[in-house]
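Input: a single structure, listed below in structure tokens.
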Amino acid sequence: MIRTTKKTLLSIAATIFLVSTVLMACTKQEAAPSASNGTAENAAVTTEKAITLSWPRDIGTMNPHTYNPSQLFAQSMIYEPLVSYKAGGKLEPMLAESWTISEDGKEYTFKLRQNVKFSDGTSFNAAIVKKNFDAVMKNPNLHSWLGVINVLDKTEAVDEYTFKMTLKQAYYPAIQDLSLVRPVRFLGEAGFPDDGDTSKGIKKPVGTGPWLLVEYKKDEYAVFTRNPNYWGESPKIDKITVKIIPDPETRVLAFEKGDLDLIYGEGVISMDAFKQLKESGKYTTQLSEPVATRSLLLNTTNDKLSDLRVRLALQSGFNKQAMVEGITLGLEEKADTILSKNFPYTDIDVQPVAYNTDQATAYLDEAGWKLSAGKAVREKDGQALELELIFDKTDPIQKAMAETMQAEWSAIGVKLNITGLELTTQIERRKAGNYDLDFWSNYGAPYDPHSFINVVAEKGWGVAEANAGLPMKQELDQQIHEVLSSTDETKRQQLYSSILLTLQEQSAIVPISYIKKTVVFQNKVTDFAFPANRDENPFEGINISQ
Amino acid sequence: MISYIGKRLLAIVPIILFAILITFVLIHVSPVDPAEAYLTAAHIHPTEELLAEKRHEFGLDQPLLVQYWHTVVKMAQLDFGLSFMTNEPVWEDVVSKMPATVQLAVSSILFAMLVSIPLGFLSAIYKNSVIDYFSRGLSYFGASIPQFWLGYLLMFFFAVKLDLLPVEGKGTWEHLVLPTLTLSLALIAIYTRLLRASVLEQLQESYVIYAKTRGIKQRIIMVKHVLKIAISPVITGLGMNFGKLLTGTIIVEQVFSWPGFGRYFVDAIFNRDIPVIQCYVFLAACLFIICNLIVDLVQLYMDPRISLKGRTDQ
């Protein structure tokens with residue numbers, strides 16, 4: 001028996017060892033290319049300019065017409081739009097050289113660039129543009145969130161390089177919508193599945209963009225090189241390696257080790273880590289222009305919050321500047337306006353609500369919410385001024401801000417209950433209007449300002465629901481519908497100014513801070529500039545000093 | 001023996017059915033609608049029309065019993081549906097990610113055994129000596145330190161400061177070192193103390209004194225008799241931990257960007273990727289049952305006093 005046991009144990013140990021060795025051997029050749037390895041190996045033979053960066057998620061299937069799991073920044077490396085969104089909301093030609101819009105605002109005719117080729121060498125022309133639009137329109141439901149898809153009536157390839165799009169009704173942001181990273185960018189013929197339905201998948205990622213996906217290991221890394229057939233100015237760097245590192249702290253350690261040249265994005269590393277890297281003086285750090293506004297939604301259908309004075313009291317009752325500086329360590333900037341001024345039509349004069357607790361208590365007294373002697377919470381008709389703020393419990397900034405507001409508002413006699421929720425539950429409660437206060441942020445470029453005003457008017461997103469108690473809601477909705485279909489630029493500006501002023505004065509959407517993108521890079525990286533489009537890749541113009 | 005194994009394998013069926021039922025019930029009592037979770041994960045605005053369409057597609061408009069039956073039948077064919085996140089078959093994803101996790105689990109168990117068996121054994125024999133104090137300190141450290149923090153510490157010293165090993169990723173044997181150390185330290189803590197206590201217990205047994213009086217060499221008594229019996233609880237622990245490692249390397253995989261099953265599952269939880277969660281529960285149940293069975297069979301060989309009858313009667 002002893003002998004048998006010994007044998008069994010030995011064979012178990014040998015099997016484990018063997019399996020382990022085989023597994024190790026199998027994976028030995030699959031080492032992910034890293035900045036340091038790559039540099040060491042290649043230094044002797046080539047002067048290739050390469051950068052390595054990290055991304056929290058796998059880049060995905062690189063289908064230009066679908067959403068998750070494809071990552072926007074990577075899709076924008078391979079596929080291009082007809083028009084490009086630039087700083088300040090300027091729309092510039094990309095695959096379309098020019099375009100004309102009919103007087104009634106329904107017909108859009110695009111003159112396509114003629115020298116454009118897909119990465120496989122095939123030509124870009126009106127037929128392939130139509131084919132891509134057709135593929136998108138096969139599943140209009142999937143894209144119903146996008147204004148231009150909802151109003152698209154038909155598309156035509158007029159001649160080889162002329163493409164026409166007809167809308168059911170005038171919709172001024174149509175061109176801006178076409179600058180998005182998805183779903184209207186162009187896949188080459190060779191990428192289409194046999195039935196043409198790209199919603200189920202594509203054969204291979206063939207685009208007109210400056211980059212080619214040459215190596216990919218799901219959840220590990222992706223390597224992009226320059227597209228030799230690129231029509232525009234070729235990128236200055238030869239190769240970009242994207243390493244998938246889901247953990248923010250690991251990302252920082254890999255960067256400090258020199259395995260990464262760049263960490264870019266929104267919330268990709270903790271604010272502490274960003275500050276520490278910045279203060280080390282060894283690296284370059286930058287903050288983008290505001291990409292969106294972190295706001296508070298005040299549910300005006302709630303009896304207490306339907307009173308403008310209560311909403312104004314809440315807004316003036318907390319020190320926004322101190323809160324933003326303290327919690328975001330200066331990575332976000334105090335916001336006075338609901339939309340930052342770097343979007344089209346948003347550069348208007350508004351009177352910010354200043355931090356003033358005396359003013360806040362005066363508003364509450366005026367509204368009838370009195371603080372009785374010996375009590376900490378204001379009351380009116382026997383009811384306490386008690387409100388609930390819901391927040392995403394996995395978001396450390398929302399949590400810290402909720403706690404700060406709880407403390408600040410208790411000083412003016414408002415009891416704030418804070419409830420941390422899972423994101424899906426938070427969204428569900430927002431849409432159902434089942435809350436008093438909630439965190440929210442707008443969509444950024446190139447979606448805003450038209451996407452923002454759209455959700456103020458249209459139910460289903462939670463914002464229109466929150467604003468439903470505003471006395472001028474109907475008028476506001478009418479102005480929003482008018483501006484979206486207006487073909488007159490001056491009138492649009494007037495309407496936008498009026499809408500944004502009303503919202504600002506009504507204090508139902510309280511701006512807190514401007515969210516910014518961060519980037520940290522090794523000093524050898526030069527010419528880095530944040531893209532104007534929130535979702536685009538940042539590699540245009542980027543270079544490396546050798 | 002074969003009938004024993006057969007019976008144990010058959011017992012898997014009701015346990016798996018129960019595990020599926022539990023996940024099924026939990027998903028249905030959860031406030032999150034799977035159709036909505038899918039659309040949210042895909043970044044598609046969930047209009048009522050789309051929700052209805054997806055609910056129909058997922059069979060969520062069917063009576064609960066029918067849905068449960070469909071789930072069971074599909075799982076029996078290893079069809080776990082498509083992942084909400086990747087839109088690819090869950091089983092294919094799992095199969096492609098499992099080898100990385102198995103590799104990590106095997107190397108961790110192996111390393112833990114290599115360290116803890118001699119350490120536990122020696123610290124029992126040389127009780128209250130330097131080696132005993134060392135093993136006690138190591139166990140205390142290993143059992144109390146959070147794994148993610150240990151991972152960062154190792155990464156900081158060995159990868160960033162000393163530049164000896166890579167920070168993250170998978171590929172060469174060097175990539176395996178730090179995650180293995182991180183995972184195995186907690187195991188070493190348990191096994192060392194377990195073995196030490198077990199050896200000390202055996203040393204009090206009369207068969208040891210009898211062997212000594214028979215003049216058998218101390219080394220032979222210790223290795224052939226004491227260690228052979230004392231190792232039994234460690235093997236039990238090993239079996240349980242192997243299952244746990246295969247399903248629970250989540251934090252370490254996340255910290256070291258190890259592209260295994262654990263990381264895939266973390267993403268699934270955050271994104272409410274229900275098909276993946278169901279597959280995970282199914283696999284976890286199977287793995288634990290199989291590991292338990294293997295442990296029992298090994299114990300049976302190691303200690304003839306354990307009878308098959310006794311086991312099945314319990």
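Quick note on naming: the chains in the structure tokens go A, B, ... in the order shown, residues restart at 1 in each chain, and ligands are numbered from 1 in order of appearance.
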
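Counting only C-alpha atoms, range 21-32 of chain B has the following residues at most 7 Å away, ignoring those fewer than 4 positions along the same chain: Leu17, Ala37 and Gln278 of chain B.
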
What are the closest atom pairs, with distances in Å to one decimal, for all residues of chain B lying within 8 Å of chain A? Consider only C-alpha atoms, order rows by chain and residue number, and present the result as a tab-separated table.
residue	atom	partner	partner_atom	distance
B:Pro31	CA	A:Thr425	CA	7.5
B:Val32	CA	A:Thr424	CA	7.0
B:Ala37	CA	A:Thr424	CA	7.5
B:Ala41	CA	A:Asn68	CA	6.8
B:Ala42	CA	A:Asn68	CA	4.7
B:His43	CA	A:Tyr67	CA	6.2
B:Ile44	CA	A:Leu142	CA	6.3
B:His45	CA	A:Trp145	CA	5.9
B:Thr47	CA	A:Gly460	CA	7.4
B:Leu50	CA	A:Asn141	CA	6.8
B:Met85	CA	A:Pro69	CA	5.8
B:Thr86	CA	A:Pro69	CA	5.5
B:Pro99	CA	A:Leu23	CA	7.5
B:Gln103	CA	A:Ser20	CA	6.0
B:Val106	CA	A:Ser20	CA	6.3
B:Ser107	CA	A:Ser20	CA	6.4
B:Leu110	CA	A:Ile16	CA	7.6
B:Tyr152	CA	A:Thr250	CA	7.4
B:Met155	CA	A:Leu253	CA	7.6
B:Phe156	CA	A:Leu253	CA	6.9
B:Ala159	CA	A:Lys257	CA	7.2
B:Val160	CA	A:Lys257	CA	4.9
B:Lys161	CA	A:Lys257	CA	7.9
B:Asp163	CA	A:Lys257	CA	7.5
B:Val167	CA	A:Ala254	CA	5.8
B:Glu168	CA	A:Ala254	CA	7.4
B:Gly169	CA	A:Ala32	CA	6.9
B:Lys170	CA	A:Ala31	CA	6.2
B:Gly171	CA	A:Ala31	CA	3.8
B:Thr172	CA	A:Lys28	CA	4.5
B:Trp173	CA	A:Met24	CA	6.4
B:Gln254	CA	A:Asp247	CA	6.1
B:Val255	CA	A:Asp247	CA	5.7
B:Phe256	CA	A:Thr250	CA	7.0
B:Ser257	CA	A:Ile245	CA	5.3
B:Pro259	CA	A:Asp219	CA	6.0
B:Tyr301	CA	A:Thr5	CA	5.7
B:Met302	CA	A:Thr5	CA	5.8

Item to check | Near-Leu10 in chain B list (12 Å; only C-alpha atoms; drop same-chain fewer than 4 positions) as a ChimeraX atom specification | outcome: /B:3-6,14-17,286,289-290,293

Next on the checklist: Using DSSP secondary structure from the backbone, list all alpha helix (DSSP H) positions within range 95-218 of chain B, as a PyMOL selection string.
Outcome noted: chain B and resi 95-125+130-144+147-154+173-203+206-213+218

Please identify all polymer residues within 10 Å of Lys282 in chain A, counting only C-alpha atoms, omitting same-chain residues fewer than 3 positions from it, and present them as a tab-separated table (two decimals) with all heavy atoms, in the first residue's frame.
chain	number	residue	atom	x	y	z
A	256	GLU	N	6.13	54.00	-14.89
A	256	GLU	CA	7.35	54.39	-14.16
A	256	GLU	C	8.53	53.49	-14.52
A	256	GLU	O	9.67	53.92	-14.52
A	256	GLU	CB	7.09	54.33	-12.65
A	256	GLU	CG	6.25	55.49	-12.16
A	256	GLU	CD	6.09	55.51	-10.67
A	256	GLU	OE1	5.56	54.51	-10.13
A	256	GLU	OE2	6.49	56.49	-10.03
A	277	LEU	N	2.89	61.82	-10.27
A	277	LEU	CA	3.72	61.79	-11.48
A	277	LEU	C	4.08	63.20	-11.93
A	277	LEU	O	5.20	63.47	-12.35
A	277	LEU	CB	3.00	61.05	-12.62
A	277	LEU	CG	2.78	59.55	-12.42
A	277	LEU	CD1	1.92	58.98	-13.53
A	277	LEU	CD2	4.12	58.80	-12.39
A	278	LYS	N	3.13	64.10	-11.77
A	278	LYS	CA	3.36	65.49	-12.16
A	278	LYS	C	4.44	66.11	-11.27
A	278	LYS	O	5.37	66.75	-11.74
A	278	LYS	CB	2.03	66.26	-12.02
A	278	LYS	CG	2.09	67.67	-12.52
A	278	LYS	CD	0.75	68.34	-12.34
A	278	LYS	CE	0.86	69.81	-12.71
A	278	LYS	NZ	-0.38	70.52	-12.45
A	279	GLU	N	4.29	65.88	-9.96
A	279	GLU	CA	5.21	66.50	-9.02
A	279	GLU	C	6.61	65.88	-9.04
A	279	GLU	O	7.56	66.49	-8.57
A	279	GLU	CB	4.61	66.46	-7.60
A	279	GLU	CG	3.50	67.50	-7.47
A	279	GLU	CD	2.72	67.38	-6.18
A	279	GLU	OE1	3.02	66.47	-5.39
A	279	GLU	OE2	1.81	68.20	-5.98
A	285	THR	N	3.03	66.17	-18.00
A	285	THR	CA	1.60	65.93	-17.77
A	285	THR	C	0.81	67.08	-18.39
A	285	THR	O	1.28	68.21	-18.41
A	285	THR	CB	1.27	65.88	-16.26
A	285	THR	OG1	1.71	67.09	-15.67
A	285	THR	CG2	1.94	64.72	-15.57
A	521	PHE	N	3.15	61.60	-20.20
A	521	PHE	CA	4.03	60.90	-21.13
A	521	PHE	C	5.50	61.10	-20.79
A	521	PHE	O	5.87	62.03	-20.10
A	521	PHE	CB	3.73	61.26	-22.58
A	521	PHE	CG	3.59	62.71	-22.90
A	521	PHE	CD1	4.69	63.50	-23.16
A	521	PHE	CD2	2.34	63.30	-22.96
A	521	PHE	CE1	4.56	64.84	-23.49
A	521	PHE	CE2	2.19	64.64	-23.27
A	521	PHE	CZ	3.30	65.42	-23.53
A	522	GLN	N	6.29	60.17	-21.29
A	522	GLN	CA	7.73	60.26	-21.11
A	522	GLN	C	8.21	61.46	-21.90
A	522	GLN	O	7.62	61.81	-22.93
A	522	GLN	CB	8.43	58.98	-21.62
A	522	GLN	CG	7.83	57.67	-21.12
A	522	GLN	CD	8.25	57.32	-19.70
A	522	GLN	OE1	9.03	58.00	-19.07
A	522	GLN	NE2	7.70	56.23	-19.17
A	523	ASN	N	9.30	62.06	-21.46
A	523	ASN	CA	9.73	63.32	-22.08
A	523	ASN	C	10.14	63.19	-23.55
A	523	ASN	O	10.20	64.18	-24.26
A	523	ASN	CB	10.86	63.94	-21.27
A	523	ASN	CG	10.32	64.40	-19.93
A	523	ASN	OD1	9.16	64.78	-19.82
A	523	ASN	ND2	11.15	64.34	-18.90

Item to check | Contacts of range 94-106 of chain A within 7 Å, only C-alpha atoms, excl. fewer than 2 positions in-chain, as a PyMOL selection string | outcome: chain A and resi 81-84+92+108-113+166-171+487

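With only C-alpha atoms as the atoms that count, the residue of B:Leu9, B:Gln62, B:Ser184, B:Leu150 with the shortest distance to Leu287 in chain B is B:Leu9.
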
Item to check | Nearby residues (only C-alpha atoms) at most 8 Å from Phe80 in chain B, same-chain spacing under 4 positions excluded, as a PyMOL selection string | outcome: chain B and resi 74-75+89-91+275-276+278-279

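For the choices B:Ser83, B:Leu178, B:Tyr210, B:Phe261, the atom-to-atom distance to Ser96 in chain B is smallest for B:Phe261 when using only C-alpha atoms.
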
Item to check | Every residue of range 111-180 of chain A that DSSP places in strand (DSSP E or B), as a PyMOL selection string | outcome: chain A and resi 111-112+117+123+152-159+162-167

Restrict the selected residues to C-alpha atoms and save them as a tab-separated table (two decimals), in the first residue's frame.
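Below you can see result09.tsv, which holds the result:
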chain	number	residue	atom	x	y	z
A	111	LYS	CA	-18.25	65.87	-53.01
A	112	LEU	CA	-15.92	63.05	-52.04
A	117	LYS	CA	-7.80	54.40	-50.99
A	123	SER	CA	-10.86	52.93	-54.01
A	152	LEU	CA	-32.49	59.91	-42.55
A	153	ASP	CA	-34.83	59.19	-45.43
A	154	LYS	CA	-32.61	57.97	-48.27
A	155	THR	CA	-29.07	57.93	-49.61
A	156	GLU	CA	-27.81	57.95	-53.20
A	157	ALA	CA	-24.53	57.58	-55.03
A	158	VAL	CA	-25.12	60.35	-57.58
A	159	ASP	CA	-21.88	59.68	-59.46
A	162	THR	CA	-20.89	62.46	-55.27
A	163	PHE	CA	-22.99	61.19	-52.43
A	164	LYS	CA	-26.40	62.55	-51.48
A	165	MET	CA	-28.29	62.16	-48.26
A	166	THR	CA	-31.93	63.17	-47.93
A	167	LEU	CA	-33.57	63.80	-44.58

Item to check | Residue neighbourhood Glu366 in chain A, 12 Å, only C-alpha atoms, exclusion window fewer than 2 positions, as a ChimeraX atom specification | outcome: /A:307-310,312-313,359-364,368-371,380

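Among the candidate residues A:Lys304, A:Arg226, A:Arg492, A:Lys138, the one lying nearest to His450 in chain A is A:Arg492, with distances computed using only C-alpha atoms.
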
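Proximity of B:Thr71, B:Ser135, B:Asn271, B:Ser123 to Leu200 in chain B, computed with only C-alpha atoms, is greatest for B:Ser123.
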
Checklist outcome for this item: Of B:Trp258, B:Leu104, B:Phe58, B:Tyr280, the one sitting nearest Leu82 in chain B when using only C-alpha atoms is B:Phe58

Next on the checklist: Considering only C-alpha atoms, can you say which of A:Gly413, A:Gly317, A:Gly469, A:Pro531 comes closest to Phe73 in chain A?
Outcome noted: A:Pro531

Go through range 308-413 of chain A residue by residue and, counting only C-alpha atoms, keep those with an atom at most 7 Å from range 499-517 of chain A; for each kept residue give the shortest atom pair and its distance in Å to one decimal, ordered by chain and increasing number, as CSV.
residue,atom,partner,partner_atom,distance
A:Leu308,CA,A:Gln506,CA,6.5
A:Arg311,CA,A:Ser507,CA,5.9
A:Leu312,CA,A:Ser507,CA,6.1
A:Gln315,CA,A:Val510,CA,6.7
A:Lys320,CA,A:Ile512,CA,6.5
A:Val324,CA,A:Ser513,CA,6.7
A:Leu331,CA,A:Lys516,CA,6.9
A:Glu332,CA,A:Ile515,CA,5.3
A:Glu333,CA,A:Tyr514,CA,5.1
A:Lys334,CA,A:Ser513,CA,4.4
A:Ala335,CA,A:Ser513,CA,4.3
A:Asp336,CA,A:Pro511,CA,6.0
A:Thr337,CA,A:Pro511,CA,6.0
A:Ile338,CA,A:Pro511,CA,5.0
A:Val350,CA,A:Leu501,CA,6.6
